[in-house]
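A.B. asks: One structure is given below, represented as structure tokens, and several questions about it will come after.
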Amino acid sequence: MYKNDYELIYLYRTTKSEEVISIIFQKYKPLILKNIYKFYIPSKDHDDFFQESLMTLLDCINTFDESKNKTFTKYFELVLYRKFITLKDKSSKYVLIEKPELIKESYTPNYEVTNIDNLYLSPLEKDIYTMYFEDKLTIDTIALNLNKTQKSIKNAVYRIKVKLK
């Protein structure tokens with residue numbers, strides 16, 4: 001069993017042995033997991049970050065220079081730290097929902113009016129009232145149906161809400 005990093009790196013560089021690389025992977029697995037938890041990576045991304053870490057470890061093995069008077073562990077830890085910062089910055093911070101219709105009643109409050117004729121709504125506002133408040137369509141869908149901009153639909157919804165008060 002090899003314990004020295006320099007021996008393992010030399011053996012891997014000369015033989016490209018699967019056995020040697022698996023020993024290195026097992027040796028650095030705790031360090032990788034420590035850094036994954038240290039960066040508060042969401043559990044759904046653990047596998048992705050772990051795989052990226054193994055690829056980074058392979059790159060470090062191939063680029064490590066012993067003449068720089070640094071240990072391989074410190075070198076790998078620094079490269080891994082920088083890689084995680086880069087990956088964390090690139091990862092999405094928000095969850096995008098492509099179909100907000102799937103989230104029932106999360107985007108429209110319940111406005112109940114028994115007679116909308118007393119509200120003095122324009123024909124466009126009446127159409128938007130029906131689509132937005134009764135049919136619970138999104139602003140995007142209404143804009144496509146009426147061939148209007150999203151901004152004009154949002155403004156009309158605002159005017160309707162003011163008239164409902």
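As shown in the structure tokens, the chain order sets the letters A, B, ...; within each chain, residues go from 1, and ligands are also counted from 1 in the order they appear.
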Applying 10 Å and only C-alpha atoms, which residues near A:Phe25 remain after dropping the ones on its own chain fewer than 3 positions away? List them as a ChimeraX atom specification.
C.D. replies: /A:19-22,28-30,32,53-54,57-58
A.B. asks: For the residues selected in the previous step, produce a file with N, CA and C atoms as an mmCIF file, in the first residue's frame.
C.D. replies:
```cif
data_model
loop_
_atom_site.group_PDB
_atom_site.id
_atom_site.type_symbol
_atom_site.label_atom_id
_atom_site.label_comp_id
_atom_site.auth_asym_id
_atom_site.auth_seq_id
_atom_site.Cartn_x
_atom_site.Cartn_y
_atom_site.Cartn_z
ATOM 1 N N GLU A 19 -5.596 1.191 -10.712
ATOM 2 C CA GLU A 19 -5.449 0.872 -9.286
ATOM 3 C C GLU A 19 -4.851 2.055 -8.525
ATOM 4 N N VAL A 20 -3.865 2.693 -9.098
ATOM 5 C CA VAL A 20 -3.202 3.825 -8.442
ATOM 6 C C VAL A 20 -4.165 5.008 -8.342
ATOM 7 N N ILE A 21 -4.888 5.278 -9.423
ATOM 8 C CA ILE A 21 -5.804 6.418 -9.384
ATOM 9 C C ILE A 21 -6.942 6.162 -8.412
ATOM 10 N N SER A 22 -7.395 4.928 -8.285
ATOM 11 C CA SER A 22 -8.451 4.645 -7.307
ATOM 12 C C SER A 22 -7.937 4.821 -5.877
ATOM 13 N N TYR A 28 -8.247 11.072 -1.169
ATOM 14 C CA TYR A 28 -8.689 12.463 -1.158
ATOM 15 C C TYR A 28 -10.209 12.633 -1.083
ATOM 16 N N LYS A 29 -10.908 11.550 -1.005
ATOM 17 C CA LYS A 29 -12.372 11.628 -0.893
ATOM 18 C C LYS A 29 -12.822 12.410 0.345
ATOM 19 N N PRO A 30 -12.258 12.189 1.533
ATOM 20 C CA PRO A 30 -12.672 12.982 2.707
ATOM 21 C C PRO A 30 -12.424 14.482 2.541
ATOM 22 N N ILE A 32 -12.425 16.132 -0.296
ATOM 23 C CA ILE A 32 -13.421 16.617 -1.258
ATOM 24 C C ILE A 32 -14.766 16.807 -0.562
ATOM 25 N N SER A 53 -14.774 17.583 -8.656
ATOM 26 C CA SER A 53 -13.603 17.489 -7.779
ATOM 27 C C SER A 53 -12.662 16.386 -8.232
ATOM 28 N N LEU A 54 -13.221 15.266 -8.654
ATOM 29 C CA LEU A 54 -12.366 14.173 -9.132
ATOM 30 C C LEU A 54 -11.643 14.572 -10.422
ATOM 31 N N LEU A 57 -8.911 16.791 -9.378
ATOM 32 C CA LEU A 57 -7.826 15.994 -8.796
ATOM 33 C C LEU A 57 -6.949 15.404 -9.891
ATOM 34 N N LEU A 58 -7.567 14.893 -10.934
ATOM 35 C CA LEU A 58 -6.787 14.359 -12.055
ATOM 36 C C LEU A 58 -5.936 15.451 -12.712
#
```
A.B. asks: Determine, counting only C-alpha atoms, which protein, DNA and RNA residues have an atom within 10 Å of an atom of A:Leu121; residues of the same chain fewer than 4 positions away are not included. Present the result as an NGL selection string.
C.D. replies: :A and (116-117 or 125-129 or 156 or 159-160 or 163)
A.B. asks: The selected residues should be written to file as an mmCIF file, in the first residue's frame (atoms: all heavy atoms).
C.D. replies:
```
data_model
loop_
_atom_site.group_PDB
_atom_site.id
_atom_site.type_symbol
_atom_site.label_atom_id
_atom_site.label_comp_id
_atom_site.auth_asym_id
_atom_site.auth_seq_id
_atom_site.Cartn_x
_atom_site.Cartn_y
_atom_site.Cartn_z
ATOM 1 N N ILE A 116 -69.547 43.090 -12.615
ATOM 2 C CA ILE A 116 -68.428 43.903 -13.098
ATOM 3 C C ILE A 116 -68.908 45.058 -13.980
ATOM 4 O O ILE A 116 -68.116 45.908 -14.353
ATOM 5 C CB ILE A 116 -67.388 43.050 -13.861
ATOM 6 C CG1 ILE A 116 -67.975 42.429 -15.125
ATOM 7 C CG2 ILE A 116 -66.792 42.014 -12.973
ATOM 8 C CD1 ILE A 116 -66.910 41.842 -16.040
ATOM 9 N N ASP A 117 -70.208 45.086 -14.284
ATOM 10 C CA ASP A 117 -70.728 46.199 -15.090
ATOM 11 C C ASP A 117 -70.667 47.510 -14.322
ATOM 12 O O ASP A 117 -70.591 48.580 -14.926
ATOM 13 C CB ASP A 117 -72.175 45.911 -15.510
ATOM 14 C CG ASP A 117 -72.255 44.708 -16.436
ATOM 15 O OD1 ASP A 117 -71.255 44.464 -17.157
ATOM 16 O OD2 ASP A 117 -73.279 44.008 -16.431
ATOM 17 N N GLU A 125 -60.173 46.024 -20.612
ATOM 18 C CA GLU A 125 -60.115 45.670 -19.185
ATOM 19 C C GLU A 125 -61.093 44.549 -18.855
ATOM 20 O O GLU A 125 -60.795 43.694 -18.022
ATOM 21 C CB GLU A 125 -60.390 46.907 -18.324
ATOM 22 C CG GLU A 125 -59.269 47.926 -18.363
ATOM 23 C CD GLU A 125 -59.604 49.220 -17.640
ATOM 24 O OE1 GLU A 125 -60.792 49.478 -17.375
ATOM 25 O OE2 GLU A 125 -58.657 49.967 -17.341
ATOM 26 N N LYS A 126 -62.257 44.532 -19.507
ATOM 27 C CA LYS A 126 -63.213 43.447 -19.275
ATOM 28 C C LYS A 126 -62.639 42.110 -19.742
ATOM 29 O O LYS A 126 -62.769 41.094 -19.050
ATOM 30 C CB LYS A 126 -64.536 43.737 -19.988
ATOM 31 C CG LYS A 126 -65.378 44.784 -19.304
ATOM 32 C CD LYS A 126 -66.681 44.998 -20.033
ATOM 33 C CE LYS A 126 -67.460 46.131 -19.345
ATOM 34 N NZ LYS A 126 -68.713 46.429 -20.018
ATOM 35 N N ASP A 127 -62.006 42.127 -20.924
ATOM 36 C CA ASP A 127 -61.377 40.892 -21.422
ATOM 37 C C ASP A 127 -60.275 40.426 -20.481
ATOM 38 O O ASP A 127 -60.175 39.238 -20.148
ATOM 39 C CB ASP A 127 -60.794 41.127 -22.813
ATOM 40 C CG ASP A 127 -61.869 41.333 -23.864
ATOM 41 O OD1 ASP A 127 -63.032 40.935 -23.612
ATOM 42 O OD2 ASP A 127 -61.528 41.882 -24.936
ATOM 43 N N ILE A 128 -59.455 41.370 -20.042
ATOM 44 C CA ILE A 128 -58.353 41.020 -19.145
ATOM 45 C C ILE A 128 -58.893 40.546 -17.797
ATOM 46 O O ILE A 128 -58.370 39.590 -17.215
ATOM 47 C CB ILE A 128 -57.390 42.216 -18.988
ATOM 48 C CG1 ILE A 128 -56.683 42.465 -20.320
ATOM 49 C CG2 ILE A 128 -56.379 41.974 -17.878
ATOM 50 C CD1 ILE A 128 -55.835 43.700 -20.357
ATOM 51 N N TYR A 129 -59.967 41.195 -17.307
ATOM 52 C CA TYR A 129 -60.568 40.760 -16.043
ATOM 53 C C TYR A 129 -61.019 39.307 -16.150
ATOM 54 O O TYR A 129 -60.744 38.503 -15.262
ATOM 55 C CB TYR A 129 -61.767 41.651 -15.673
ATOM 56 C CG TYR A 129 -62.474 41.181 -14.421
ATOM 57 C CD1 TYR A 129 -62.006 41.561 -13.173
ATOM 58 C CD2 TYR A 129 -63.573 40.328 -14.485
ATOM 59 C CE1 TYR A 129 -62.618 41.119 -12.024
ATOM 60 C CE2 TYR A 129 -64.190 39.872 -13.338
ATOM 61 C CZ TYR A 129 -63.711 40.272 -12.109
ATOM 62 O OH TYR A 129 -64.310 39.816 -10.965
ATOM 63 N N ALA A 156 -53.143 47.259 -17.167
ATOM 64 C CA ALA A 156 -54.589 47.058 -17.129
ATOM 65 C C ALA A 156 -55.003 46.287 -15.873
ATOM 66 O O ALA A 156 -56.006 46.617 -15.232
ATOM 67 C CB ALA A 156 -55.055 46.320 -18.381
ATOM 68 N N ARG A 159 -54.953 48.715 -13.059
ATOM 69 C CA ARG A 159 -56.141 49.598 -13.084
ATOM 70 C C ARG A 159 -57.377 48.851 -12.586
ATOM 71 O O ARG A 159 -58.199 49.425 -11.854
ATOM 72 C CB ARG A 159 -56.374 50.128 -14.510
ATOM 73 C CG ARG A 159 -55.371 51.164 -14.956
ATOM 74 C CD ARG A 159 -55.816 51.861 -16.232
ATOM 75 N NE ARG A 159 -56.135 50.947 -17.336
ATOM 76 C CZ ARG A 159 -55.274 50.501 -18.242
ATOM 77 N NH1 ARG A 159 -53.994 50.873 -18.174
ATOM 78 N NH2 ARG A 159 -55.669 49.702 -19.196
ATOM 79 N N ILE A 160 -57.507 47.604 -12.960
ATOM 80 C CA ILE A 160 -58.665 46.819 -12.515
ATOM 81 C C ILE A 160 -58.624 46.639 -11.004
ATOM 82 O O ILE A 160 -59.646 46.776 -10.314
ATOM 83 C CB ILE A 160 -58.693 45.447 -13.237
ATOM 84 C CG1 ILE A 160 -58.941 45.631 -14.730
ATOM 85 C CG2 ILE A 160 -59.734 44.530 -12.633
ATOM 86 C CD1 ILE A 160 -58.704 44.389 -15.558
ATOM 87 N N LYS A 163 -59.794 49.739 -9.336
ATOM 88 C CA LYS A 163 -61.245 49.920 -9.450
ATOM 89 C C LYS A 163 -62.006 48.943 -8.562
ATOM 90 O O LYS A 163 -63.132 49.220 -8.160
ATOM 91 C CB LYS A 163 -61.664 49.751 -10.911
ATOM 92 C CG LYS A 163 -61.199 50.890 -11.792
ATOM 93 C CD LYS A 163 -61.586 50.668 -13.226
ATOM 94 C CE LYS A 163 -61.045 51.790 -14.105
ATOM 95 N NZ LYS A 163 -61.401 51.587 -15.524
#
```
A.B. asks: Rank nothing, just name the residue among A:Leu87, A:Leu144, A:Leu119, A:Ile139 nearest to A:Asp45, using only C-alpha atoms.
C.D. replies: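 Closest to A:Asp45, using only C-alpha atoms: A:Leu87.
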A.B. asks: Please indicate the distance in Å from atom CA of A:Thr63 to atom CA of A:Asn35, rounded to one decimal place.
C.D. replies: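 Atom CA of A:Asn35 lies at a distance of 20.9 Å from atom CA of A:Thr63.
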A.B. asks: May I have all residues of chain A that DSSP, computed from the backbone, assigns to helix (DSSP H, G or I), given as a ChimeraX atom specification?
C.D. replies: /A:5-15,18-38,43-63,66-68,72-90,100-102,116-119,123-134,139-146,150-164
A.B. asks: Which is closer to A:Lys38 than all the others in A:Asn155, A:Ile85, A:Asn145, A:Asp135, using only C-alpha atoms?
C.D. replies: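 Answer, going by the shortest atom-to-atom distance: A:Ile85.
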